[in-house]
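Asker: Contents of target-v5.cif (mmCIF, C-alpha atoms):
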```cif
data_structure
#
loop_
_atom_site.label_atom_id
_atom_site.label_comp_id
_atom_site.auth_asym_id
_atom_site.auth_seq_id
_atom_site.Cartn_x
_atom_site.Cartn_y
_atom_site.Cartn_z
CA MET A 5 -0.66 90.32 88.16
CA ALA A 6 -3.01 90.46 91.16
CA VAL A 7 -6.73 89.71 90.94
CA GLY A 8 -9.71 90.56 93.15
CA ASN A 9 -12.67 92.80 92.46
CA ILE A 10 -10.18 94.62 90.26
CA ILE A 11 -7.25 93.43 88.14
CA CYS A 12 -3.77 94.88 88.66
CA VAL A 13 -1.00 94.38 86.12
CA GLY A 14 2.61 95.44 86.67
CA THR A 15 4.82 96.54 83.79
CA SER A 16 8.52 96.42 82.99
CA HIS A 17 8.63 100.25 83.25
CA GLY A 18 7.51 100.28 86.87
CA LEU A 19 3.90 101.26 86.18
CA ILE A 20 0.88 99.42 87.62
CA LEU A 21 -2.30 99.35 85.55
CA VAL A 22 -5.52 98.88 87.52
CA PHE A 23 -8.53 97.62 85.57
CA GLU A 24 -12.22 97.27 86.38
CA PRO A 25 -13.80 93.83 85.76
CA THR A 26 -15.27 95.39 82.59
CA GLN A 27 -11.64 95.81 81.38
CA ALA A 28 -11.90 99.61 81.67
CA LEU A 29 -8.69 101.23 82.95
CA LYS A 30 -9.41 102.63 86.43
CA PHE A 31 -6.07 104.30 87.05
CA CYS A 32 -2.32 103.97 86.62
CA LEU A 33 -0.08 103.81 89.68
CA GLY A 34 3.56 104.84 89.81
CA SER A 35 5.58 106.63 87.16
CA THR A 36 8.36 106.02 84.67
CA GLN A 37 10.70 107.89 87.05
CA LEU A 38 9.78 105.38 89.75
CA GLY A 39 10.49 102.59 87.26
CA GLU A 40 13.94 103.96 86.51
CA GLN A 41 14.72 104.05 90.22
CA TYR A 42 13.12 100.76 91.35
CA GLY A 43 13.11 98.67 88.16
CA SER A 44 10.23 96.61 86.81
CA VAL A 45 7.27 95.46 88.89
CA SER A 46 8.06 91.91 90.03
CA ALA A 47 5.19 91.09 92.44
CA LEU A 48 1.73 92.40 93.36
CA ALA A 49 -0.68 91.61 96.20
CA LEU A 50 -4.25 92.82 96.83
CA ASN A 51 -5.71 92.73 100.33
CA GLN A 52 -9.08 91.11 100.99
CA ASP A 53 -11.28 94.17 100.36
CA CYS A 54 -9.09 95.45 97.50
CA THR A 55 -8.30 98.76 99.26
CA ARG A 56 -4.55 98.21 99.59
CA LEU A 57 -2.01 97.07 97.01
CA LEU A 58 1.53 95.93 97.78
CA ALA A 59 3.93 96.21 94.85
CA GLY A 60 7.39 94.66 94.81
CA PHE A 61 10.11 95.73 92.40
CA ALA A 62 13.09 94.12 90.69
CA LYS A 63 15.58 96.21 92.69
CA GLY A 64 14.05 95.20 96.02
CA GLN A 65 11.78 98.09 97.01
CA ILE A 66 8.17 97.58 98.14
CA CYS A 67 5.42 100.19 97.75
CA LEU A 68 2.05 100.29 99.51
CA PHE A 69 -0.76 102.00 97.57
CA ASP A 70 -4.21 103.13 98.71
CA LEU A 71 -6.59 101.99 95.96
CA THR A 72 -9.45 104.20 97.13
CA SER A 73 -7.41 107.33 96.40
CA SER A 74 -4.62 105.87 94.18
CA LYS A 75 -2.04 107.40 96.55
CA LEU A 76 1.34 106.00 97.56
CA LEU A 77 1.25 105.39 101.32
CA GLN A 78 4.65 103.85 102.03
CA THR A 79 7.90 102.94 100.35
CA ILE A 80 9.73 100.13 102.15
CA SER A 81 13.38 99.51 101.30
CA ASP A 82 14.66 97.37 104.18
CA ALA A 83 12.05 94.65 104.70
CA HIS A 84 14.08 91.78 103.19
CA THR A 85 17.56 90.73 102.06
CA PRO A 86 19.47 93.69 100.51
CA PHE A 87 20.21 93.64 96.77
CA THR A 88 17.62 90.99 95.97
CA ALA A 89 14.48 91.17 93.84
CA VAL A 90 11.02 90.74 95.34
CA LEU A 91 9.65 87.49 93.89
CA HIS A 92 6.40 87.11 95.85
CA LEU A 93 4.14 89.30 97.98
CA LYS A 94 1.16 87.74 99.75
CA TRP A 95 -1.33 89.20 102.22
CA THR A 96 -2.48 86.92 105.04
CA ASP A 97 -5.77 86.83 106.97
CA TYR A 98 -4.05 88.50 109.91
CA PRO A 99 -4.72 92.29 109.76
CA GLY A 100 -1.85 94.22 108.21
CA MET A 101 0.41 91.18 107.80
CA ALA A 102 1.99 90.12 104.52
CA VAL A 103 4.72 87.71 103.42
CA ILE A 104 7.73 88.50 101.22
CA SER A 105 9.86 86.07 99.22
CA ASP A 106 13.02 87.35 97.54
CA SER A 107 15.54 86.15 94.95
CA GLY A 108 17.95 85.23 97.74
CA GLY A 109 15.55 82.45 98.68
CA SER A 110 14.57 84.00 102.01
CA VAL A 111 11.05 84.59 103.34
CA PHE A 112 10.04 87.49 105.58
CA GLU A 113 6.94 88.43 107.53
CA LEU A 114 5.95 92.08 107.00
CA SER A 115 3.68 93.87 109.50
CA ILE A 116 2.24 97.19 108.33
CA LYS A 117 0.73 99.49 110.93
CA ARG A 118 -0.74 102.97 111.21
CA THR A 119 -0.29 104.59 114.63
CA MET A 120 -1.24 108.18 115.52
CA GLY A 121 -1.70 108.95 111.85
CA LEU A 122 1.76 107.69 110.93
CA ASN A 123 2.55 104.65 108.77
CA SER A 124 5.11 102.18 110.05
CA ASN A 125 6.31 98.69 109.23
CA GLU A 126 8.29 95.89 110.79
CA SER A 127 9.70 92.70 109.28
CA ARG A 128 11.22 89.48 110.56
CA CYS A 129 12.90 86.60 108.75
CA ILE A 130 10.97 83.34 108.99
CA PHE A 131 13.12 81.32 106.59
CA SER A 132 16.70 81.94 105.47
CA GLY A 133 17.81 81.19 101.93
CA SER A 134 21.02 79.70 103.33
CA ARG A 135 18.98 76.64 104.40
CA GLY A 136 17.49 76.15 100.94
CA GLU A 137 16.16 78.76 98.56
CA VAL A 138 12.39 79.26 98.62
CA CYS A 139 10.93 79.62 95.13
CA THR A 140 7.27 80.22 95.98
CA VAL A 141 4.99 80.86 98.97
CA GLU A 142 1.23 80.47 99.43
CA PRO A 143 -0.65 81.43 102.61
CA LEU A 144 -3.89 79.65 103.47
CA LEU A 145 -6.58 82.34 103.21
CA MET A 146 -9.57 81.22 105.24
CA SER A 147 -11.48 84.42 104.42
CA GLN A 148 -11.14 83.77 100.70
CA PHE A 149 -13.14 80.55 101.13
CA HIS A 150 -15.59 82.06 103.69
CA ALA A 151 -14.29 79.74 106.39
CA THR A 152 -13.59 80.57 110.04
CA PRO A 153 -12.36 77.50 112.00
CA LEU A 154 -8.67 78.45 111.84
CA VAL A 155 -9.02 82.23 111.64
CA GLU A 156 -6.67 82.76 114.62
CA THR A 157 -4.00 80.64 112.93
CA VAL A 158 -1.89 81.97 110.06
CA ILE A 159 -0.57 79.11 107.92
CA LEU A 160 2.02 79.50 105.17
CA ALA A 161 3.17 76.93 102.61
CA MET A 162 6.67 77.40 101.18
CA ALA A 163 8.46 75.44 98.48
CA THR A 164 12.20 75.30 98.01
CA ILE A 165 13.92 73.71 95.05
CA SER A 166 13.83 70.35 96.84
CA LYS A 167 11.17 70.48 99.58
CA VAL A 168 7.72 71.74 100.59
CA ILE A 169 7.47 73.20 104.09
CA VAL A 170 4.28 74.37 105.84
CA VAL A 171 4.56 76.58 108.92
CA SER A 172 2.19 78.43 111.23
CA LEU A 173 3.07 82.11 111.74
CA ARG A 174 0.39 82.74 114.36
CA PRO A 175 -0.08 82.17 117.23
CA GLN A 176 3.58 81.07 117.13
CA LEU A 177 6.12 80.14 114.50
CA LYS A 178 6.06 76.36 114.13
CA VAL A 179 6.78 73.80 111.40
CA LEU A 180 3.65 71.76 110.66
CA PHE A 181 4.65 69.67 107.65
CA SER A 182 7.45 68.96 105.18
CA HIS A 183 7.71 66.80 102.09
CA PRO A 184 10.62 66.22 99.66
CA LEU A 185 10.28 67.22 96.00
CA LYS A 186 12.76 65.42 93.77
CA ALA A 187 12.76 66.44 90.11
CA SER A 188 14.83 67.98 87.35
CA VAL A 189 16.80 71.05 88.42
CA SER A 190 15.22 73.01 85.56
CA THR A 191 11.69 72.76 87.02
CA LEU A 192 10.03 74.87 89.71
CA PRO A 193 7.79 73.71 92.58
CA LEU A 194 4.10 74.70 92.55
CA LEU A 195 1.64 75.31 95.41
CA SER A 196 -2.13 75.84 95.58
CA TRP A 197 -4.74 75.73 98.38
CA GLN A 198 -8.42 74.79 98.02
CA PHE A 199 -11.25 73.85 100.37
CA VAL A 200 -12.62 70.42 99.42
CA VAL A 201 -15.53 68.26 100.58
CA ILE A 202 -13.91 65.04 101.84
CA GLN A 203 -15.70 61.83 102.81
CA MET A 204 -14.27 60.35 105.99
CA PRO A 205 -13.92 56.57 106.67
CA ASP A 206 -17.04 56.66 108.88
CA GLY A 207 -19.12 58.06 106.00
CA THR A 208 -19.33 61.63 107.28
CA ARG A 209 -18.31 64.57 105.11
CA VAL A 210 -16.05 67.43 106.14
CA ILE A 211 -14.85 70.56 104.38
CA ASP A 212 -11.10 70.92 104.92
CA PRO A 213 -8.31 72.81 103.18
CA VAL A 214 -6.29 70.72 100.73
CA LEU A 215 -2.78 71.65 99.64
CA ALA A 216 -1.85 70.64 96.11
CA PHE A 217 1.88 70.78 95.45
CA GLY A 218 4.05 69.35 92.73
CA ARG A 219 7.02 69.57 90.46
CA GLU A 220 7.90 68.27 86.99
CA LYS A 221 5.32 65.48 86.35
CA THR A 222 3.95 64.77 89.84
CA VAL A 223 1.28 66.48 91.97
CA TYR A 224 0.53 65.58 95.61
CA PHE A 225 -2.66 66.31 97.55
CA TYR A 226 -2.66 66.64 101.36
CA GLN A 227 -5.60 67.39 103.64
CA LEU A 228 -5.10 69.77 106.57
CA THR A 229 -7.30 68.84 109.51
CA HIS A 230 -7.49 68.75 113.30
CA GLY A 231 -5.93 65.64 114.78
CA SER A 232 -5.76 64.41 118.35
CA GLN A 233 -5.78 67.14 121.00
CA GLU A 234 -6.86 69.62 118.30
CA GLU A 235 -3.37 69.67 116.76
CA LEU A 236 -3.14 70.41 113.06
CA GLN A 237 -1.98 67.52 110.91
CA PHE A 238 -1.57 66.75 107.22
CA ILE A 239 -3.14 63.59 105.77
CA PRO A 240 -2.08 62.28 102.32
CA LEU A 241 -5.01 61.99 99.92
CA GLN A 242 -3.51 61.02 96.58
CA LYS A 243 -0.59 61.32 94.20
CA MET A 244 -1.17 62.26 90.58
CA GLY A 245 1.29 61.36 87.83
CA LEU A 246 1.17 63.36 84.59
CA THR A 247 2.54 62.73 81.11
CA PHE A 248 3.88 66.27 80.71
CA VAL A 249 6.10 68.71 82.62
CA ILE A 250 4.11 71.29 84.57
CA GLN A 251 4.99 74.96 85.02
CA GLY A 252 1.71 76.37 86.37
CA MET A 253 -1.18 75.07 88.48
CA ALA A 254 -4.46 76.50 89.82
CA TRP A 255 -7.78 75.20 91.15
CA LEU A 256 -10.86 75.86 89.01
CA ASN A 257 -13.12 74.43 91.71
CA SER A 258 -12.90 71.84 94.47
CA ARG A 259 -12.94 68.98 91.95
CA THR A 260 -11.04 70.40 89.00
CA LEU A 261 -7.43 71.47 88.53
CA ALA A 262 -6.01 73.59 85.71
CA VAL A 263 -2.40 72.69 84.86
CA MET A 264 -0.12 74.50 82.42
CA ASP A 265 2.64 72.51 80.71
CA THR A 266 5.92 73.77 79.27
CA ARG A 267 4.42 73.94 75.77
CA GLU A 268 1.85 76.40 77.14
CA HIS A 269 -1.02 73.92 76.85
CA LEU A 270 -3.63 74.24 79.60
CA HIS A 271 -4.94 70.88 80.83
CA VAL A 272 -8.24 70.67 82.75
CA ILE A 273 -8.05 67.62 85.03
CA ASP A 274 -10.66 65.95 87.24
CA VAL A 275 -8.79 65.45 90.52
CA LYS A 276 -10.71 62.42 91.79
CA THR A 277 -10.34 60.29 88.65
CA GLN A 278 -7.12 62.00 87.47
CA GLU A 279 -8.60 62.09 83.96
CA GLU A 280 -7.97 64.97 81.58
CA GLN A 281 -11.25 66.64 80.58
CA GLU A 282 -9.92 69.09 78.04
CA MET A 283 -6.72 70.61 76.68
CA VAL A 284 -6.44 74.18 75.37
CA ASP A 285 -3.46 75.46 73.37
CA LEU A 286 -2.52 78.88 74.76
CA ALA A 287 0.79 79.32 72.94
CA HIS A 288 -0.71 82.29 71.08
CA LEU A 289 -1.09 84.09 74.41
CA GLY A 290 2.65 84.62 74.83
CA LEU A 291 2.69 83.86 78.56
CA VAL A 292 4.69 86.35 80.66
CA TYR A 293 7.74 84.82 82.39
CA ALA A 294 9.59 86.20 85.41
CA SER A 295 13.00 84.66 84.70
CA PRO A 296 14.86 88.05 84.91
CA HIS A 297 13.64 88.45 88.49
CA PHE A 298 14.70 84.92 89.49
CA LYS A 299 18.10 85.70 88.00
CA ALA A 300 18.10 89.08 89.84
CA ILE A 301 19.43 90.82 86.75
CA ALA A 302 18.42 94.26 88.08
CA THR A 303 20.54 93.81 91.22
CA GLY A 304 23.65 92.31 89.62
CA GLY A 305 22.65 88.67 89.23
CA ASN A 306 23.71 87.63 92.74
CA VAL A 307 21.69 84.39 92.86
CA SER A 308 22.66 80.74 92.89
CA LYS A 309 22.92 78.75 89.67
CA ALA A 310 20.10 76.50 90.86
CA MET A 311 17.73 79.46 91.35
CA ALA A 312 18.64 80.97 87.99
CA LEU A 313 18.18 77.67 86.14
CA SER A 314 14.92 76.65 87.78
CA GLY A 315 13.43 80.12 87.30
CA GLU A 316 13.91 80.03 83.54
CA ARG A 317 10.19 79.32 83.03
CA ALA A 318 8.75 80.94 86.17
CA CYS A 319 5.19 82.13 85.52
CA TYR A 320 3.73 82.23 89.05
CA HIS A 321 2.08 85.63 88.56
CA SER A 322 0.86 84.99 85.02
CA MET A 323 -1.59 82.24 86.02
CA VAL A 324 -3.84 83.35 88.88
CA SER A 325 -6.93 81.65 90.30
CA PHE A 326 -9.90 83.75 91.42
CA GLY A 327 -13.12 82.01 92.41
CA SER A 328 -13.97 79.52 89.66
CA GLN A 329 -11.81 81.32 87.10
CA VAL A 330 -8.16 81.12 86.09
CA LEU A 331 -6.74 84.34 84.66
CA LEU A 332 -3.77 84.17 82.31
CA LEU A 333 -1.51 87.10 81.49
CA GLY A 334 0.29 87.13 78.15
CA THR A 335 2.52 89.58 76.32
CA LYS A 336 -0.09 89.86 73.57
CA SER A 337 -3.41 89.38 75.34
CA PHE A 338 -5.24 88.56 78.57
CA GLN A 339 -7.45 85.49 78.90
CA VAL A 340 -9.93 84.07 81.42
CA VAL A 341 -10.63 80.32 81.66
CA THR A 342 -13.58 78.83 83.53
CA VAL A 343 -15.57 75.58 83.56
CA ARG A 344 -19.09 75.86 82.14
CA SER A 345 -22.01 74.84 84.34
CA TRP A 346 -23.53 71.45 83.52
CA VAL A 347 -26.54 73.10 81.87
CA ASP A 348 -24.30 75.30 79.68
CA ARG A 349 -22.23 72.26 78.70
CA LEU A 350 -25.35 70.43 77.53
CA ASP A 351 -26.59 73.48 75.61
CA TYR A 352 -23.18 73.91 73.97
CA LEU A 353 -23.10 70.28 72.79
CA VAL A 354 -26.67 70.41 71.47
CA ARG A 355 -26.13 73.70 69.63
CA GLY A 356 -22.95 72.27 68.13
CA GLY A 357 -24.79 69.19 66.86
CA HIS A 358 -22.89 66.78 69.14
CA MET A 359 -26.02 64.83 70.11
CA ARG A 360 -24.32 61.62 71.16
CA GLU A 361 -21.97 63.47 73.52
CA ALA A 362 -24.87 65.54 74.88
CA LEU A 363 -26.93 62.42 75.64
CA GLN A 364 -23.97 60.71 77.29
CA LEU A 365 -23.21 63.75 79.45
CA ALA A 366 -26.85 64.13 80.50
CA LEU A 367 -27.04 60.45 81.40
CA ASP A 368 -23.77 60.64 83.37
CA ILE A 369 -25.10 63.63 85.30
CA TYR A 370 -28.36 61.82 86.02
CA GLN A 371 -26.46 58.75 87.25
CA ASP A 372 -23.99 60.89 89.23
CA LYS A 373 -21.03 59.68 87.13
CA ALA A 374 -20.10 62.93 85.36
CA GLN A 375 -16.74 64.60 86.02
CA ALA A 376 -15.74 68.25 86.51
CA ILE A 377 -19.38 69.21 87.04
CA VAL A 378 -20.20 72.78 88.08
CA GLY A 379 -23.62 73.84 89.37
CA LEU A 380 -24.66 70.74 91.34
CA LYS A 381 -24.77 70.68 95.13
CA HIS A 382 -22.27 68.59 97.08
CA LYS A 383 -24.89 67.14 99.41
CA LYS A 384 -26.67 64.14 97.93
CA GLU A 385 -30.14 65.27 99.09
CA LYS A 386 -29.78 68.67 97.43
CA ARG A 387 -28.26 67.07 94.35
CA GLN A 388 -31.29 64.80 94.05
CA GLN A 389 -33.50 67.89 93.81
CA THR A 390 -31.62 68.90 90.66
CA LEU A 391 -31.90 65.49 88.98
CA PRO A 392 -35.40 66.09 87.54
CA LEU A 393 -33.86 68.97 85.58
CA ALA A 394 -31.19 66.60 84.24
CA SER A 395 -33.95 64.18 83.28
CA TYR A 396 -35.71 67.02 81.48
CA GLN A 397 -32.46 67.87 79.67
CA ILE A 398 -32.17 64.26 78.47
CA GLU A 399 -35.74 64.30 77.19
CA ALA A 400 -35.28 67.69 75.51
CA THR A 401 -32.08 66.49 73.84
CA CYS A 402 -33.81 63.35 72.58
CA GLN A 403 -36.75 65.37 71.25
CA HIS A 404 -34.36 67.69 69.44
CA LEU A 405 -32.54 64.68 68.01
CA ILE A 406 -35.85 63.20 66.80
CA SER A 407 -36.88 66.49 65.21
CA ILE A 408 -33.79 66.58 63.00
CA THR A 409 -33.82 62.84 62.21
CA PRO A 410 -35.35 61.58 58.91
CA SER A 411 -38.93 60.30 59.38
CA TRP A 412 -38.07 56.71 58.32
CA PHE A 413 -35.52 56.49 61.19
CA ARG A 414 -37.82 57.91 63.89
CA CYS A 415 -39.97 54.76 63.93
CA VAL A 416 -36.89 52.57 64.40
CA TYR A 417 -35.62 54.90 67.15
CA ARG A 418 -38.93 54.83 69.06
CA TRP A 419 -39.28 51.05 68.59
CA GLN A 420 -35.77 50.42 69.97
CA TRP A 421 -35.79 52.87 72.88
CA GLY A 422 -39.46 53.33 73.71
CA GLN A 423 -40.72 56.21 75.82
CA ILE A 424 -38.05 58.14 77.78
#
```
Re-express the file's structure as structure tokens.
Answerer:
Amino acid sequence: MAVGNIICVGTSHGLILVFEPTQALKFCLGSTQLGEQYGSVSALALNQDCTRLLAGFAKGQICLFDLTSSKLLQTISDAHTPFTAVLHLKWTDYPGMAVISDSGGSVFELSIKRTMGLNSNESRCIFSGSRGEVCTVEPLLMSQFHATPLVETVILAMATISKVIVVSLRPQLKVLFSHPLKASVSTLPLLSWQFVVIQMPDGTRVIDPVLAFGREKTVYFYQLTHGSQEELQFIPLQKMGLTFVIQGMAWLNSRTLAVMDTREHLHVIDVKTQEEQEMVDLAHLGLVYASPHFKAIATGGNVSKAMALSGERACYHSMVSFGSQVLLLGTKSFQVVTVRSWVDRLDYLVRGGHMREALQLALDIYQDKAQAIVGLKHKKEKRQQTLPLASYQIEATCQHLISITPSWFRCVYRWQWGQI
């Protein structure tokens, strides 16, 4: 699955269904004949303006589609290791450049060009699976977060079975960071970027990209920033220990992380306090797993035992973050998860009759103690402008509580609490 202004879903028959945000089917790409030749769709990638779609297949081919005309522009058969499945396809901010990860554990840079009316492509290996098999890749997309400071630099995070490696692809190939990941061999590493407001030791605030990565029951958070002589460096922020084994992870916003466990329960966690805000059982969804692609069944199963075992519960493309939403793809249905704004949360609690919880939430918002809050400004001055509305919400909640309270209790309530 790939998500942008449209939603693209690949099928086991080689077809790609393209939906409008209204869930109306826009068009269907490919054919069953293509599916018989190339196998199932194993990876999808939308470019920034949703005009180009890269589709990877279980037998190793890659197709480039024009989404304005639904035409096939290119079929690429030699961009990565032969006889391996395409596990990941990711566009970068650099024009026409994408990244490929295959079931052999190798990572390739793919450059797609159009010269004199002719389409061409060129690839180069940036990481060989013989040095450790890469399970997932995640480029830092500055344009996705409307940021520009590092636009000339292309940064890619990669995770092998035992290590996280971050490299710059532009202006030159260079290793920026590495960190070991020790865990059970049956678990996969996870990666996710997000821009976060960070308070520096001198009290100033900066907005820097943060890389969240983890495996099994541990998640690490590292800040990417400019160090001395404008060199890029990674600064550790925190380490989060969980009570469950994770198999999926995505940012809901700069303060909130959505984590999927192996029982298909989605946990909403406040990153700063590391407290779980809510848990949703999504077992009914029937999450789609990509284990056949990690085992490279369509190409003869020529993968290592470690890759086959760890990929048993691979669901990288079934849990995708877009804006403040996390989209989940199941075999039976499709679901979108988002965090309600603070006003909607108060309204929901009041309408549900949970007055005590509504009052506590309103008070926490007013005192700037609430967690996983959406809809309030990061800057304190702008946040203060919203506080009168929170005060009004407290008063309105109290008035509603009084209106449904027996008359004999209202006098006691007013006597104890006075005017609010």
Asker: Name the closest residue to Arg56 (chain A) among the candidates A:Glu40, A:Val275, A:Ile10, A:Leu160; distances are taken between atoms, counting only C-alpha atoms.
Answerer: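 Counting only C-alpha atoms, the residue closest to Arg56 (chain A) is A:Ile10.
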Asker: Which is closer to Phe112 (chain A) than all the others in A:Ala163, A:Leu58, A:Glu234, A:Leu173, using only C-alpha atoms?
Answerer: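 Among A:Ala163, A:Leu58, A:Glu234, A:Leu173, it is A:Leu173 that comes nearest to Phe112 (chain A).
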Asker: Which residues, named as in the file, does the PyMOL selection byres ((chain A and resi 202-213) around 9) pick out? Answer as a PyMOL selection string.
Answerer: chain A and resi 144+146+197-201+214-215+226-229
Asker: Given only C-alpha atoms as the basis, pick out the residue of A:Ser314, A:Gln176, A:Gln78, A:Ser258 nearest to Ser328 (chain A).
Answerer: A:Ser258
Asker: Would you please work out which residue, of A:Ser188, A:Thr140, A:Thr88, A:Ser115, is nearest to Phe217 (chain A) when using all atoms listed in the file?
Answerer: A:Thr140
Asker: Counting only C-alpha atoms, figure out which residue out of A:Leu261, A:Val179, A:Ala102, A:Val292 gets nearest to Leu145 (chain A).
Answerer: A:Ala102
Asker: In file coordinates, which residues lie within 12 Å of (12.8, 91.6, 89.4) using only C-alpha atoms, given as a PyMOL selection string?
Answerer: chain A and resi 14-18+39+42-48+59-66+87-92+105-108+293-305+307+315+318
Asker: Which residues, written as a PDB file with C-alpha atoms, in the coordinates of the input, have at least one atom at most 9 Å from region 329-343 of chain A, with only C-alpha atoms counted and residues fewer than 4 positions away on the same chain left out?
Answerer:
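Full text of out_39.pdb as output:
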```pdb
ATOM      1  CA  MET A   5      -0.660  90.320  88.160  1.00  0.00           C
ATOM      2  CA  VAL A   7      -6.730  89.710  90.940  1.00  0.00           C
ATOM      3  CA  VAL A  13      -1.000  94.380  86.120  1.00  0.00           C
ATOM      4  CA  ALA A 254      -4.460  76.500  89.820  1.00  0.00           C
ATOM      5  CA  TRP A 255      -7.780  75.200  91.150  1.00  0.00           C
ATOM      6  CA  LEU A 256     -10.860  75.860  89.010  1.00  0.00           C
ATOM      7  CA  ASN A 257     -13.120  74.430  91.710  1.00  0.00           C
ATOM      8  CA  THR A 260     -11.040  70.400  89.000  1.00  0.00           C
ATOM      9  CA  ALA A 262      -6.010  73.590  85.710  1.00  0.00           C
ATOM     10  CA  VAL A 272      -8.240  70.670  82.750  1.00  0.00           C
ATOM     11  CA  HIS A 288      -0.710  82.290  71.080  1.00  0.00           C
ATOM     12  CA  LEU A 289      -1.090  84.090  74.410  1.00  0.00           C
ATOM     13  CA  GLY A 290       2.650  84.620  74.830  1.00  0.00           C
ATOM     14  CA  LEU A 291       2.690  83.860  78.560  1.00  0.00           C
ATOM     15  CA  VAL A 292       4.690  86.350  80.660  1.00  0.00           C
ATOM     16  CA  TYR A 293       7.740  84.820  82.390  1.00  0.00           C
ATOM     17  CA  HIS A 321       2.080  85.630  88.560  1.00  0.00           C
ATOM     18  CA  SER A 322       0.860  84.990  85.020  1.00  0.00           C
ATOM     19  CA  MET A 323      -1.590  82.240  86.020  1.00  0.00           C
ATOM     20  CA  VAL A 324      -3.840  83.350  88.880  1.00  0.00           C
ATOM     21  CA  SER A 325      -6.930  81.650  90.300  1.00  0.00           C
ATOM     22  CA  ARG A 349     -22.230  72.260  78.700  1.00  0.00           C
ATOM     23  CA  ALA A 376     -15.740  68.250  86.510  1.00  0.00           C
ATOM     24  CA  ILE A 377     -19.380  69.210  87.040  1.00  0.00           C
ATOM     25  CA  VAL A 378     -20.200  72.780  88.080  1.00  0.00           C
TER      26      VAL A 378
END
```
Asker: Counting all atoms listed in the file, what is within 6 Å of Lys167 (chain A), bar same-chain residues fewer than 3 positions away, as a list in words?
Answerer: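 Listing them by chain and then by number gives Ala163, Thr164, His183, Pro184 and Leu185 of chain A.
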Asker: Just say which residues the PyMOL selection byres ((chain A and resi 21) around 6) picks in this file, as a list of chain:residue names.
Answerer: A:Cys12, A:Val13, A:Ile20, A:Val22, A:Cys32
Asker: Can you tell me how far CA of Gln242 (chain A) sits from CA of Phe225 (chain A), in Å to one decimal?
Answerer: 5.4 Å
Asker: Could you name the residues that touch Val158 (chain A) at 10 Å or less, counting only C-alpha atoms, but leaving out those on the same chain fewer than 3 positions away, as a ChimeraX atom specification?
Answerer: /A:96-98,101,143-146,154-155,171-177
Asker: By how many Å are CA of Ser196 (chain A) and CA of Thr222 (chain A) apart?
Answerer: 13.9 Å
Asker: By how many Å are CA of Cys129 (chain A) and CA of Trp95 (chain A) apart?
Answerer: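 Those two atoms sit 15.9 Å apart.
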Asker: Report the residues retrieved by the PyMOL selection byres ((chain A and resi 276) around 9) from the displayed file, expressed as a list of chain:residue names.
Answerer: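 Applying the expression gives A:Gln242, A:Arg259, A:Thr260, A:Ile273, A:Asp274, A:Val275, A:Thr277, A:Gln278, A:Glu279, A:Gln375.
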Asker: Write out, as a PDB file, in the coordinates of the input, the residues just selected, with C-alpha atoms.
Answerer:
```pdb
ATOM      1  CA  GLN A 242      -3.510  61.020  96.580  1.00  0.00           C
ATOM      2  CA  ARG A 259     -12.940  68.980  91.950  1.00  0.00           C
ATOM      3  CA  THR A 260     -11.040  70.400  89.000  1.00  0.00           C
ATOM      4  CA  ILE A 273      -8.050  67.620  85.030  1.00  0.00           C
ATOM      5  CA  ASP A 274     -10.660  65.950  87.240  1.00  0.00           C
ATOM      6  CA  VAL A 275      -8.790  65.450  90.520  1.00  0.00           C
ATOM      7  CA  THR A 277     -10.340  60.290  88.650  1.00  0.00           C
ATOM      8  CA  GLN A 278      -7.120  62.000  87.470  1.00  0.00           C
ATOM      9  CA  GLU A 279      -8.600  62.090  83.960  1.00  0.00           C
ATOM     10  CA  GLN A 375     -16.740  64.600  86.020  1.00  0.00           C
TER      11      GLN A 375
END
```
Asker: Taking the partial coordinates given, rebuild region 362-369 of chain A to contain N, CA and C atoms; return it as a short mmCIF file (atom, residue, chain, number, x, y, z; two decimals), in the frame of the given file.
Answerer:
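Writing the result to selection22.cif gives the following:
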```cif
data_model
loop_
_atom_site.label_atom_id
_atom_site.label_comp_id
_atom_site.auth_asym_id
_atom_site.auth_seq_id
_atom_site.Cartn_x
_atom_site.Cartn_y
_atom_site.Cartn_z
N ALA A 362 -23.91 64.88 74.00
CA ALA A 362 -24.87 65.54 74.88
C ALA A 362 -25.70 64.52 75.66
N LEU A 363 -26.16 63.47 74.97
CA LEU A 363 -26.93 62.42 75.64
C LEU A 363 -26.09 61.70 76.69
N GLN A 364 -24.84 61.42 76.35
CA GLN A 364 -23.97 60.71 77.29
C GLN A 364 -23.70 61.56 78.53
N LEU A 365 -23.46 62.86 78.32
CA LEU A 365 -23.21 63.75 79.45
C LEU A 365 -24.44 63.86 80.34
N ALA A 366 -25.62 64.03 79.72
CA ALA A 366 -26.85 64.13 80.50
C ALA A 366 -27.10 62.87 81.31
N LEU A 367 -26.84 61.71 80.70
CA LEU A 367 -27.04 60.45 81.40
C LEU A 367 -26.04 60.30 82.55
N ASP A 368 -24.78 60.71 82.32
CA ASP A 368 -23.77 60.64 83.37
C ASP A 368 -24.13 61.54 84.55
N ILE A 369 -24.67 62.72 84.23
CA ILE A 369 -25.10 63.63 85.30
C ILE A 369 -26.24 63.01 86.09
#
```
